[in-house]
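Reading through the structure tokens given below for one structure.
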Amino acid sequence: MGLIIIFALVTLLSVVGLVRSLREKNILGIVFAAGTLVVFGWFTVMTLIHHGFPTAH
């Protein structure tokens, strides 16, 4: 279940990067951060749907 945690962390960091790039008006940063957000966000959602929410044992 560590995979979903890693995907979620990358997704959250890409949100931070996107906001920062938008604030600085960095076009290339916006493109890469948005692409990362879309791809890893999709992986996060699909992994969560397929495997469920991670629980501690």
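We name chains A, B, ... following the order of the structure tokens; residues begin at 1 in each chain, and ligands are numbered from 1 as shown.
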
request  = Please identify all polymer residues within 10 Å of Val10 of chain A, counting only C-alpha atoms, omitting same-chain residues fewer than 6 positions from it, and present them as a PyMOL selection string.
outcome  = chain A and resi 4+16+36-37+40-41+44

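Atom pair atom CA of Phe7 of chain A / atom CA of Leu48 of chain A has a distance of 10.1 Å (rounded to one decimal).
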
key: Backbone-only DSSP, alpha helix (DSSP H) members of chain A, as a count of residues only   = 48

key: Neighbour list for Phe53 of chain A as a PyMOL selection string, cut-off 12 Å, only C-alpha atoms, skip fewer than 5 positions in-chain   = chain A and resi 1-5+8+44-48

The selected residues should be written to file as a short mmCIF file (atom, residue, chain, number, x, y, z; two decimals), in the first residue's frame (atoms: all heavy atoms).
```
data_model
loop_
_atom_site.label_atom_id
_atom_site.label_comp_id
_atom_site.auth_asym_id
_atom_site.auth_seq_id
_atom_site.Cartn_x
_atom_site.Cartn_y
_atom_site.Cartn_z
N MET A 1 0.80 -1.19 0.00
CA MET A 1 0.00 0.00 0.00
C MET A 1 0.85 1.26 0.00
O MET A 1 0.31 2.36 0.04
CB MET A 1 -0.94 0.01 1.22
CG MET A 1 -2.16 -0.84 0.99
SD MET A 1 -2.71 -0.44 -0.61
CE MET A 1 -4.31 -0.92 -0.73
N GLY A 2 2.15 1.10 0.00
CA GLY A 2 3.02 2.26 -0.05
C GLY A 2 2.94 3.00 -1.36
O GLY A 2 3.24 4.20 -1.43
N LEU A 3 2.50 2.30 -2.41
CA LEU A 3 2.41 2.91 -3.74
C LEU A 3 1.43 4.07 -3.76
O LEU A 3 1.72 5.13 -4.31
CB LEU A 3 2.02 1.86 -4.76
CG LEU A 3 1.98 2.30 -6.22
CD1 LEU A 3 3.39 2.63 -6.68
CD2 LEU A 3 1.40 1.20 -7.08
N ILE A 4 0.28 3.89 -3.13
CA ILE A 4 -0.72 4.96 -3.15
C ILE A 4 -0.24 6.16 -2.33
O ILE A 4 -0.53 7.31 -2.67
CB ILE A 4 -2.09 4.45 -2.65
CG1 ILE A 4 -3.17 5.49 -2.93
CG2 ILE A 4 -2.06 4.13 -1.19
CD1 ILE A 4 -4.56 5.00 -2.74
N ILE A 5 0.53 5.90 -1.29
CA ILE A 5 1.06 7.00 -0.49
C ILE A 5 2.07 7.80 -1.30
O ILE A 5 2.06 9.04 -1.28
CB ILE A 5 1.68 6.46 0.81
CG1 ILE A 5 0.59 5.83 1.68
CG2 ILE A 5 2.42 7.54 1.58
CD1 ILE A 5 1.09 5.04 2.85
N ALA A 8 0.19 9.80 -3.91
CA ALA A 8 -0.50 10.94 -3.30
C ALA A 8 0.48 12.06 -2.95
O ALA A 8 0.17 13.24 -3.14
CB ALA A 8 -1.26 10.49 -2.06
N THR A 44 -3.29 8.05 -8.68
CA THR A 44 -3.72 8.04 -7.29
C THR A 44 -5.19 7.63 -7.17
O THR A 44 -5.55 6.77 -6.37
CB THR A 44 -3.50 9.42 -6.65
OG1 THR A 44 -2.13 9.77 -6.76
CG2 THR A 44 -3.91 9.42 -5.19
N VAL A 45 -6.03 8.26 -7.97
CA VAL A 45 -7.46 7.96 -7.92
C VAL A 45 -7.74 6.52 -8.32
O VAL A 45 -8.50 5.81 -7.65
CB VAL A 45 -8.25 8.96 -8.80
CG1 VAL A 45 -9.69 8.53 -8.95
CG2 VAL A 45 -8.16 10.36 -8.23
N MET A 46 -7.13 6.07 -9.41
CA MET A 46 -7.39 4.71 -9.87
C MET A 46 -6.84 3.66 -8.90
O MET A 46 -7.47 2.62 -8.68
CB MET A 46 -6.78 4.49 -11.26
CG MET A 46 -7.53 5.20 -12.36
SD MET A 46 -9.21 4.58 -12.51
CE MET A 46 -10.15 5.99 -12.03
N THR A 47 -5.69 3.91 -8.28
CA THR A 47 -5.16 2.98 -7.30
C THR A 47 -6.05 2.94 -6.07
O THR A 47 -6.31 1.87 -5.51
CB THR A 47 -3.72 3.38 -6.89
OG1 THR A 47 -2.92 3.47 -8.06
CG2 THR A 47 -3.11 2.36 -5.95
N LEU A 48 -6.56 4.09 -5.67
CA LEU A 48 -7.46 4.14 -4.53
C LEU A 48 -8.76 3.39 -4.83
O LEU A 48 -9.26 2.66 -3.97
CB LEU A 48 -7.76 5.60 -4.19
CG LEU A 48 -7.84 5.95 -2.72
CD1 LEU A 48 -7.62 7.41 -2.52
CD2 LEU A 48 -9.07 5.49 -2.07
#
```

ask   = Separation of atom CA of Leu28 of chain A and atom CA of Trp42 of chain A, in Å?
value = 21.2 Å

query = Out of A:Ser14, A:Gly52, A:Leu9, A:Arg20, which residue has the shortest atom-to-atom distance to Phe32 of chain A when counting only C-alpha atoms?
reply = A:Ser14
